[in-house]
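File shown: model.cif. Contents: mmCIF, C-alpha atoms.
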```
data_upload
loop_
_atom_site.label_atom_id
_atom_site.label_comp_id
_atom_site.auth_asym_id
_atom_site.auth_seq_id
_atom_site.Cartn_x
_atom_site.Cartn_y
_atom_site.Cartn_z
CA MET P 15 5.44 55.94 100.80
CA ASN P 16 4.65 57.67 104.09
CA ALA P 17 3.33 61.21 104.61
CA VAL P 18 6.81 62.74 105.00
CA THR P 19 8.00 61.23 101.72
CA TRP P 20 4.87 62.39 99.91
CA SER P 21 5.30 65.93 101.21
CA LEU P 22 8.96 65.80 100.14
CA VAL P 23 8.01 64.71 96.63
CA LEU P 24 5.26 67.33 96.43
CA ALA P 25 7.55 70.18 97.58
CA VAL P 26 10.24 69.27 95.07
CA PHE P 27 7.64 68.75 92.32
CA VAL P 28 6.11 72.21 92.78
CA ALA P 29 9.49 73.95 93.12
CA CYS P 30 10.71 72.22 89.98
CA ILE P 31 7.60 73.21 88.01
CA VAL P 32 8.23 76.89 88.82
CA GLU P 33 11.88 76.76 87.74
CA MET P 34 11.11 74.65 84.66
CA VAL P 35 8.46 77.10 83.45
CA GLU P 36 11.03 79.91 83.59
CA ALA P 37 13.67 77.85 81.77
CA THR P 38 11.15 76.69 79.13
CA THR P 39 10.15 80.29 78.40
CA ILE P 40 13.78 81.23 77.66
CA VAL P 41 14.44 78.14 75.53
CA MET P 42 11.22 78.70 73.54
CA ALA P 43 12.13 82.33 72.86
CA MET P 44 15.53 81.20 71.55
CA GLY P 45 14.08 78.28 69.59
CA PHE P 46 11.50 80.35 67.72
CA THR P 47 13.86 83.27 66.98
CA ARG P 48 17.41 81.84 66.75
CA GLY P 49 16.65 78.27 65.69
CA TRP P 50 15.85 75.05 67.56
CA LYS P 51 19.24 73.45 66.84
CA SER P 52 21.16 75.91 69.01
CA ALA P 53 18.40 76.16 71.67
CA ILE P 54 18.24 72.37 72.11
CA ALA P 55 22.05 72.07 72.06
CA GLY P 56 22.31 74.69 74.82
CA THR P 57 19.65 72.87 76.83
CA VAL P 58 21.30 69.45 76.50
CA VAL P 59 24.77 70.77 77.45
CA ALA P 60 23.24 72.55 80.47
CA LEU P 61 21.49 69.33 81.58
CA VAL P 62 24.75 67.37 81.28
CA ALA P 63 26.59 70.05 83.30
CA LEU P 64 23.82 69.96 85.91
CA SER P 65 24.02 66.15 86.16
CA ILE P 66 27.79 66.25 86.75
CA PHE P 67 27.40 69.05 89.31
CA THR P 68 24.62 67.14 91.11
CA ALA P 69 26.66 63.93 91.32
CA LEU P 70 29.76 65.74 92.65
CA ALA P 71 27.93 68.03 95.08
CA GLY P 72 25.67 65.23 96.32
CA TYR P 73 28.62 62.93 97.00
CA ALA P 74 30.61 65.67 98.72
CA LEU P 75 27.70 66.80 100.90
CA ALA P 76 26.66 63.29 101.89
CA ASN P 77 30.13 61.94 102.63
CA TRP P 78 32.33 64.79 103.82
CA LEU P 79 30.13 66.83 106.13
CA PRO P 80 28.96 65.73 109.61
CA GLU P 81 25.16 65.62 109.94
CA ALA P 82 24.83 68.83 111.95
CA ALA P 83 27.09 70.77 109.55
CA LEU P 84 25.06 69.45 106.62
CA GLN P 85 21.85 70.61 108.30
CA LEU P 86 23.36 74.04 109.01
CA VAL P 87 24.64 74.57 105.45
CA ILE P 88 21.58 73.32 103.60
CA GLY P 89 19.14 74.79 106.11
CA THR P 90 20.73 78.23 105.76
CA LEU P 91 20.64 78.00 101.96
CA LEU P 92 16.99 76.89 101.98
CA LEU P 93 16.14 79.69 104.40
CA ILE P 94 17.76 82.35 102.18
CA PHE P 95 16.07 80.97 99.04
CA GLY P 96 12.71 80.61 100.80
CA LEU P 97 12.70 84.10 102.32
CA GLN P 98 13.74 85.61 98.95
CA TRP P 99 10.77 83.87 97.31
CA LEU P 100 8.43 84.97 100.11
CA ARG P 101 9.69 88.57 99.91
CA LYS P 102 8.80 88.73 96.20
CA ALA P 103 5.49 86.93 96.76
CA ILE P 104 4.51 89.36 99.55
CA TYR P 105 5.41 92.38 97.39
CA ARG P 106 3.45 90.97 94.44
CA SER P 107 0.40 90.13 96.53
CA SER P 108 0.38 93.55 98.19
CA GLY P 109 0.62 95.36 94.84
CA ARG P 110 4.19 96.62 95.32
CA LYS P 111 5.70 94.55 92.53
CA ALA P 112 4.42 93.41 89.16
CA LEU P 113 3.33 89.78 88.95
CA HIS P 114 5.80 87.40 87.34
CA ASP P 115 4.68 87.43 83.73
CA GLU P 116 6.04 84.69 81.44
CA GLU P 117 4.47 86.36 78.39
CA LYS P 118 6.38 89.59 79.07
CA ILE P 119 9.64 87.73 79.78
CA TYR P 120 9.15 85.82 76.52
CA GLN P 121 8.70 89.05 74.55
CA GLU P 122 11.82 90.55 76.16
CA GLU P 123 13.89 87.48 75.29
CA VAL P 124 12.58 87.53 71.70
CA ALA P 125 13.47 91.23 71.35
CA ALA P 126 16.99 90.58 72.70
CA ALA P 127 17.41 87.64 70.31
CA LYS P 128 16.34 89.72 67.30
CA ALA P 129 18.64 92.57 68.32
CA ALA P 130 21.65 90.23 68.57
CA GLY P 131 22.00 89.94 64.78
CA GLU P 132 22.60 86.99 62.47
CA SER P 133 25.02 84.18 63.27
CA LYS P 134 27.56 83.11 60.66
CA SER P 135 28.42 79.69 62.10
CA GLY P 136 26.37 76.45 62.09
CA ILE P 137 25.43 76.71 65.77
CA ASP P 138 24.03 80.07 66.73
CA MET P 139 26.14 81.01 69.75
CA PHE P 140 23.63 83.58 71.07
CA GLY P 141 20.77 81.06 71.14
CA PHE P 142 23.09 78.37 72.54
CA MET P 143 24.46 80.50 75.38
CA VAL P 144 21.14 82.05 76.42
CA SER P 145 19.48 78.60 76.46
CA PHE P 146 22.42 77.10 78.36
CA LYS P 147 22.44 79.89 80.95
CA GLY P 148 18.65 79.81 81.40
CA VAL P 149 18.47 76.04 81.91
CA PHE P 150 21.63 75.87 84.05
CA LEU P 151 20.66 78.72 86.38
CA GLU P 152 17.07 77.62 86.89
CA GLY P 153 18.15 73.99 87.10
CA LEU P 154 20.78 74.74 89.73
CA GLU P 155 18.11 75.95 92.11
CA VAL P 156 16.19 72.70 91.57
CA VAL P 157 19.38 70.70 92.15
CA PHE P 158 19.88 72.43 95.50
CA ILE P 159 16.29 71.77 96.50
CA VAL P 160 16.49 68.11 95.45
CA LEU P 161 19.80 67.59 97.24
CA THR P 162 18.84 69.39 100.42
CA PHE P 163 15.36 67.92 100.78
CA GLY P 164 16.59 64.50 99.68
CA LEU P 165 19.61 64.41 101.99
CA SER P 166 17.72 65.74 104.99
CA ALA P 167 14.85 63.30 104.55
CA ASP P 168 17.43 60.62 103.66
CA ASN P 169 15.54 59.93 100.46
CA ILE P 170 17.24 61.46 97.41
CA PRO P 171 15.49 59.06 94.97
CA ALA P 172 12.03 60.33 96.09
CA ALA P 173 13.16 63.95 95.65
CA ALA P 174 14.65 63.13 92.23
CA TYR P 175 11.38 61.42 91.13
CA GLY P 176 9.45 64.56 92.15
CA ALA P 177 11.78 66.75 90.09
CA ALA P 178 11.72 64.37 87.10
CA ALA P 179 7.90 64.29 87.12
CA ALA P 180 7.82 68.09 87.01
CA VAL P 181 10.32 68.22 84.12
CA VAL P 182 8.25 65.75 82.11
CA LEU P 183 4.98 67.60 82.85
CA VAL P 184 6.34 71.03 81.86
CA LEU P 185 7.99 69.63 78.72
CA ILE P 186 4.71 68.01 77.63
CA LEU P 187 2.77 71.23 78.33
CA GLY P 188 5.39 73.26 76.45
CA ILE P 189 5.28 70.98 73.41
CA ILE P 190 1.46 71.02 73.37
CA ALA P 191 1.08 74.78 73.97
CA ARG P 192 4.02 75.92 71.79
CA LYS P 193 3.97 79.24 73.64
CA PRO P 194 5.02 80.59 77.07
CA LEU P 195 3.31 78.67 79.87
CA SER P 196 1.60 81.72 81.35
CA MET P 197 -1.46 79.62 82.27
CA ILE P 198 0.50 78.08 85.18
CA PRO P 199 -0.20 80.12 88.34
CA GLU P 200 3.49 80.63 88.90
CA ASN P 201 3.17 83.34 91.56
CA THR P 202 0.89 81.20 93.69
CA LEU P 203 3.18 78.19 93.33
CA LYS P 204 6.19 80.32 94.27
CA PHE P 205 4.37 81.50 97.39
CA GLY P 206 3.69 77.89 98.41
CA VAL P 207 7.25 76.77 97.76
CA GLY P 208 8.60 79.81 99.63
CA LEU P 209 6.53 78.82 102.68
CA LEU P 210 7.85 75.25 102.59
CA LEU P 211 11.48 76.23 102.02
CA THR P 212 11.33 78.74 104.87
CA SER P 213 9.77 76.30 107.35
CA PHE P 214 12.18 73.47 106.52
CA GLY P 215 15.06 75.99 106.42
CA ILE P 216 14.31 77.27 109.94
CA PHE P 217 14.12 73.70 111.25
CA TRP P 218 17.33 72.42 109.70
CA SER P 219 19.50 75.51 110.12
CA ILE P 220 18.73 75.78 113.84
CA GLU P 221 19.16 72.04 114.40
CA GLY P 222 22.48 72.38 112.58
CA LEU P 223 23.74 74.95 115.09
CA GLY P 224 24.50 71.88 117.23
CA ILE P 225 27.74 71.57 115.23
CA PHE P 226 29.17 74.22 117.57
CA ARG P 227 28.58 72.25 120.79
CA ASP P 228 30.62 69.47 122.31
CA GLY P 229 29.98 66.25 120.40
CA SER P 230 28.55 68.20 117.42
CA HIS P 231 25.07 66.71 117.88
CA SER P 232 22.11 68.50 116.28
CA LEU P 233 19.89 70.66 118.51
CA GLU P 234 16.41 69.24 119.15
CA PHE P 235 13.17 71.19 118.74
CA PRO P 236 10.32 70.52 121.18
CA GLY P 237 8.07 68.08 119.33
CA ALA P 238 10.90 67.07 116.93
CA ASP P 239 9.67 67.04 113.28
CA LEU P 240 6.35 68.56 114.38
CA ALA P 241 8.23 71.86 114.68
CA ILE P 242 8.19 72.12 110.87
CA LEU P 243 4.40 72.25 110.99
CA TYR P 244 4.08 74.84 113.73
CA PHE P 245 6.66 77.04 112.04
CA LEU P 246 4.82 76.59 108.73
CA ALA P 247 1.63 77.83 110.41
CA LEU P 248 3.52 80.77 111.93
CA VAL P 249 5.07 81.75 108.57
CA ILE P 250 1.64 81.59 106.86
CA VAL P 251 0.12 83.89 109.49
CA LEU P 252 3.10 86.27 109.25
CA CYS P 253 2.86 86.47 105.44
CA TRP P 254 -0.89 87.04 105.60
CA ALA P 255 -0.35 89.89 108.09
CA LEU P 256 2.48 91.42 106.04
CA ILE P 257 0.37 91.39 102.88
CA LYS P 258 -2.46 93.17 104.75
CA ILE P 259 -0.11 95.75 106.27
CA LEU P 260 1.95 96.39 103.14
CA ARG P 261 -1.00 96.54 100.73
CA LYS P 262 -0.97 99.84 98.94
CA PRO P 263 -4.29 101.72 98.97
CA SER P 264 -4.28 101.65 95.17
CA ALA P 265 -3.50 97.94 95.04
CA SER P 266 -6.99 97.22 93.76
CA ALA P 267 -6.14 98.99 90.52
CA PRO P 268 -2.38 99.58 90.37
CA PRO P 269 -0.53 100.23 87.10
CA THR P 270 0.95 96.74 87.40
CA ALA P 271 -2.35 95.08 88.31
CA PRO P 272 -3.16 92.05 86.18
CA THR P 273 -5.80 92.47 83.51
CA ASP P 274 -5.78 88.79 82.67
CA PRO P 275 -8.25 86.88 84.87
CA ALA P 276 -5.82 83.95 85.02
CA GLN P 277 -3.29 86.23 86.70
CA ALA P 278 -5.82 88.16 88.75
CA GLU P 279 -6.67 85.05 90.75
CA GLU P 280 -3.12 84.97 91.95
CA VAL P 281 -3.37 88.21 93.89
CA VAL P 282 -4.00 87.22 97.49
CA ARG P 283 -7.09 88.96 98.78
CA MET O 1 41.88 84.69 84.77
CA ILE O 2 40.80 87.59 87.00
CA LYS O 3 37.84 88.18 84.69
CA PHE O 4 36.85 84.53 85.06
CA LEU O 5 37.16 84.63 88.86
CA LYS O 6 35.09 87.83 89.00
CA ALA O 7 32.41 86.27 86.82
CA PHE O 8 32.50 83.07 88.91
CA GLY O 9 32.15 85.05 92.13
CA GLN O 10 29.37 87.19 90.68
CA PHE O 11 27.48 84.06 89.59
CA TRP O 12 27.49 82.57 93.11
CA TYR O 13 26.68 85.94 94.67
CA ASP O 14 23.66 86.32 92.38
CA PHE O 15 22.62 82.72 92.99
CA ILE O 16 22.85 82.69 96.78
CA ILE O 17 22.43 86.30 97.86
CA GLY O 18 20.02 87.26 95.06
CA ASP O 19 18.70 90.74 94.51
CA ASP O 20 18.33 91.63 98.20
CA TRP O 21 21.44 91.12 100.32
CA LYS O 22 19.49 92.10 103.44
CA ILE O 23 17.69 88.72 103.48
CA ALA O 24 20.96 86.75 103.63
CA VAL O 25 22.35 89.11 106.28
CA SER O 26 19.18 88.83 108.38
CA VAL O 27 19.38 85.01 108.28
CA ILE O 28 23.05 84.98 109.32
CA LEU O 29 22.46 87.50 112.14
CA ALA O 30 19.44 85.60 113.48
CA LEU O 31 21.35 82.30 113.47
CA ALA O 32 24.35 83.97 115.15
CA ALA O 33 22.06 85.42 117.84
CA THR O 34 20.50 81.97 118.37
CA LEU O 35 23.93 80.43 118.80
CA GLY O 36 24.81 83.23 121.24
CA LEU O 37 21.72 82.42 123.32
CA TYR O 38 22.67 78.74 123.40
CA LYS O 39 26.24 79.52 124.43
CA ALA O 40 24.87 81.87 127.12
CA GLY O 41 23.12 78.92 128.73
CA VAL O 42 19.51 79.30 127.57
CA PRO O 43 17.87 75.80 127.63
CA GLU O 44 17.92 73.95 124.30
CA PRO O 45 14.15 73.69 123.70
CA ALA O 46 13.74 77.42 124.31
CA VAL O 47 16.73 78.29 122.09
CA THR O 48 15.35 76.39 119.11
CA VAL O 49 11.92 78.05 119.27
CA ILE O 50 13.31 81.52 119.99
CA GLY O 51 15.78 81.02 117.13
CA GLY O 52 12.97 80.33 114.67
CA VAL O 53 11.08 83.40 115.84
CA LEU O 54 14.27 85.49 115.58
CA VAL O 55 14.67 84.45 111.93
CA LEU O 56 11.15 85.69 111.19
CA ILE O 57 11.67 88.95 113.11
CA ALA O 58 14.91 89.56 111.17
CA PHE O 59 13.00 88.92 107.92
CA VAL O 60 10.36 91.50 108.86
CA ILE O 61 13.09 94.05 109.72
CA ALA O 62 14.74 93.41 106.32
CA LEU O 63 11.39 94.07 104.60
CA VAL O 64 10.80 97.24 106.63
CA ILE O 65 14.26 98.57 105.66
CA ASP O 66 13.52 97.64 102.05
CA ILE O 67 10.24 99.56 101.78
CA ARG O 68 10.93 102.52 104.05
CA PRO O 69 10.50 105.90 102.33
CA ARG O 70 13.87 107.18 101.22
CA SER O 71 14.74 110.85 101.70
CA LYS O 72 15.33 112.69 98.42
CA LYS O 73 18.83 113.93 97.83
CA GLY O 74 19.70 117.26 96.20
#
```
Conversion result in structure tokens:
Amino acid sequence: MNAVTWSLVLAVFVACIVEMVEATTIVMAMGFTRGWKSAIAGTVVALVALSIFTALAGYALANWLPEAALQLVIGTLLLIFGLQWLRKAIYRSSGRKALHDEEKIYQEEVAAAKAAGESKSGIDMFGFMVSFKGVFLEGLEVVFIVLTFGLSADNIPAAAYGAAAAVVLVLILGIIARKPLSMIPENTLKFGVGLLLTSFGIFWSIEGLGIFRDGSHSLEFPGADLAILYFLALVIVLCWALIKILRKPSASAPPTAPTDPAQAEEVVR
Amino acid sequence: MIKFLKAFGQFWYDFIIGDDWKIAVSVILALAATLGLYKAGVPEPAVTVIGGVLVLIAFVIALVIDIRPRSKKG
């Protein structure tokens, strides 16, 4: 594998870990409170639905859209996802938003599950639906990342291997820990993935604007693929500056500041 | 049926637009401005680089709008 393929696999792997941690937290909360039968059933049905969606969307994207249109559509989606992730990461690092806390999300899900009351049927519909929705929603974001990175790099298998490795890793960690995976520095990972999605998104969406010119050929950046790197550097500098500028004076000890050292390391200093 | 369509639309809105519509709007506006520059005859290498910078400027504007102090009503 060359450097581009490795960076593709790494980007998908990290993005998938973040989404899988969130899905695992929801499924665990349902499993421990509503029963594992319904939580696992919801998870399996969601994975089947995701597989069907991936096959259909992947085929449609790869076969029906011209290259420039594909770049424009997927680049724009990546850009919106990436900038949303960066926005939250910047707010969290500057003390304007609480850090993503899997432990807290777990407790909220458990409280909602207990408040939902007992189920009369064999499969607990509350646990099934919450698990299904959690896995499907988080998984859909991974599917988009796998499809877009894979199609653009013309290497869907490499992207799929990256995602599969992350799924296996998070599942193993979840089974071993038997509690929310709050030890994973999710905020830091999200920051990194946001940087990558934004840089790739800028590159592909602007190249894809070539669909509107005669011949529908993609636009070309000076330096070709190297543009991804110089935009990555620019986005890193911009985020660093925004965190400095937006940092609240009380950010060193805000009400939402982490007390757990494992989380404290995630606050960019 | 209408309920289903509303839920379907809401799902895709939440998924793509997320909790801050300004980000999606800033991306669309920046790309539209980039296309406008290209159609106006700005050379291709310059358009691509300016386009990328425009996306980042639009992102900063969206953040500034998001965090600006809001005047109290009543």
Notebook entry, point to check: If you count all atoms listed in the file, which residues fall within 9 Å of Leu209 (chain P), apart from same-chain ones fewer than 2 positions away, as a list of chain:residue names?
Noted result: P:Gly96, P:Leu97, P:Trp99, P:Leu100, P:Lys204, P:Phe205, P:Gly206, P:Val207, P:Leu211, P:Thr212, P:Ser213, P:Phe214, P:Leu246, P:Val249, P:Ile250, P:Cys253
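For the point (18.9, 72.4, 118.0), the residues with an atom at a distance of at most 10 Å are Ala82, Phe217, Trp218, Ser219, Ile220, Glu221, Gly222, Leu223, Gly224, Ile225, His231, Ser232, Leu233, Glu234, Phe235, Pro236 and Ala238 of chain P; Thr34, Leu35, Tyr38, Glu44, Pro45, Ala46, Val47, Thr48, Val49 and Gly51 of chain O, counting only C-alpha atoms.
The smallest atom-to-atom distance between chain P and any of O:Ile67, O:Ala24, O:Met1, O:Ile50, using all atoms listed in the file, is found for O:Ala24.
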Check: Hey, what's within 12 Å of Cys30 (chain P) if we count all atoms listed in the file and toss same-chain stuff fewer than 4 positions away? As a VMD selection string, please?
Finding: chain P and resid 23 to 26 34 to 38 149 152 to 160 173 to 185 200 203 to 204 207
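Evaluated on this file, the PyMOL selection byres ((chain O and resi 31) around 10) matches P:Leu86, P:Thr90, P:Ile216, P:Ser219, P:Ile220, P:Leu223, O:Val25, O:Ser26, O:Val27, O:Ile28, O:Leu29, O:Ala30, O:Ala32, O:Ala33, O:Thr34, O:Leu35, O:Gly36, O:Leu37, O:Gly51, O:Gly52, O:Leu54, O:Val55, O:Ala58.
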Margin query: I'd like to see the residues matched by the PyMOL selection byres ((chain O and resi 21) around 12) on this file, and ideally I'd get them as number ranges by chain.
Written below: P: 94-95, 97-98; O: 13-20, 22-28, 59, 62-63, 65-66
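Residue nearest chain O, chosen from P:Gly49, P:Gly89, P:Pro199, P:Pro80 and counting only C-alpha atoms: P:Gly89.
Closest approach to chain O from the set P:Leu151, P:Ala43, P:Met139, P:Leu243 is made by P:Leu151, with distances taken over all atoms listed in the file.
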Item checked: Distance in Å - CA of Ala255 (chain P) versus CA of Gly237 (chain P) -> 25.9 Å
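From CA of Thr39 (chain P) back to CA of Gln10 (chain O), the distance works out to 23.8 Å.
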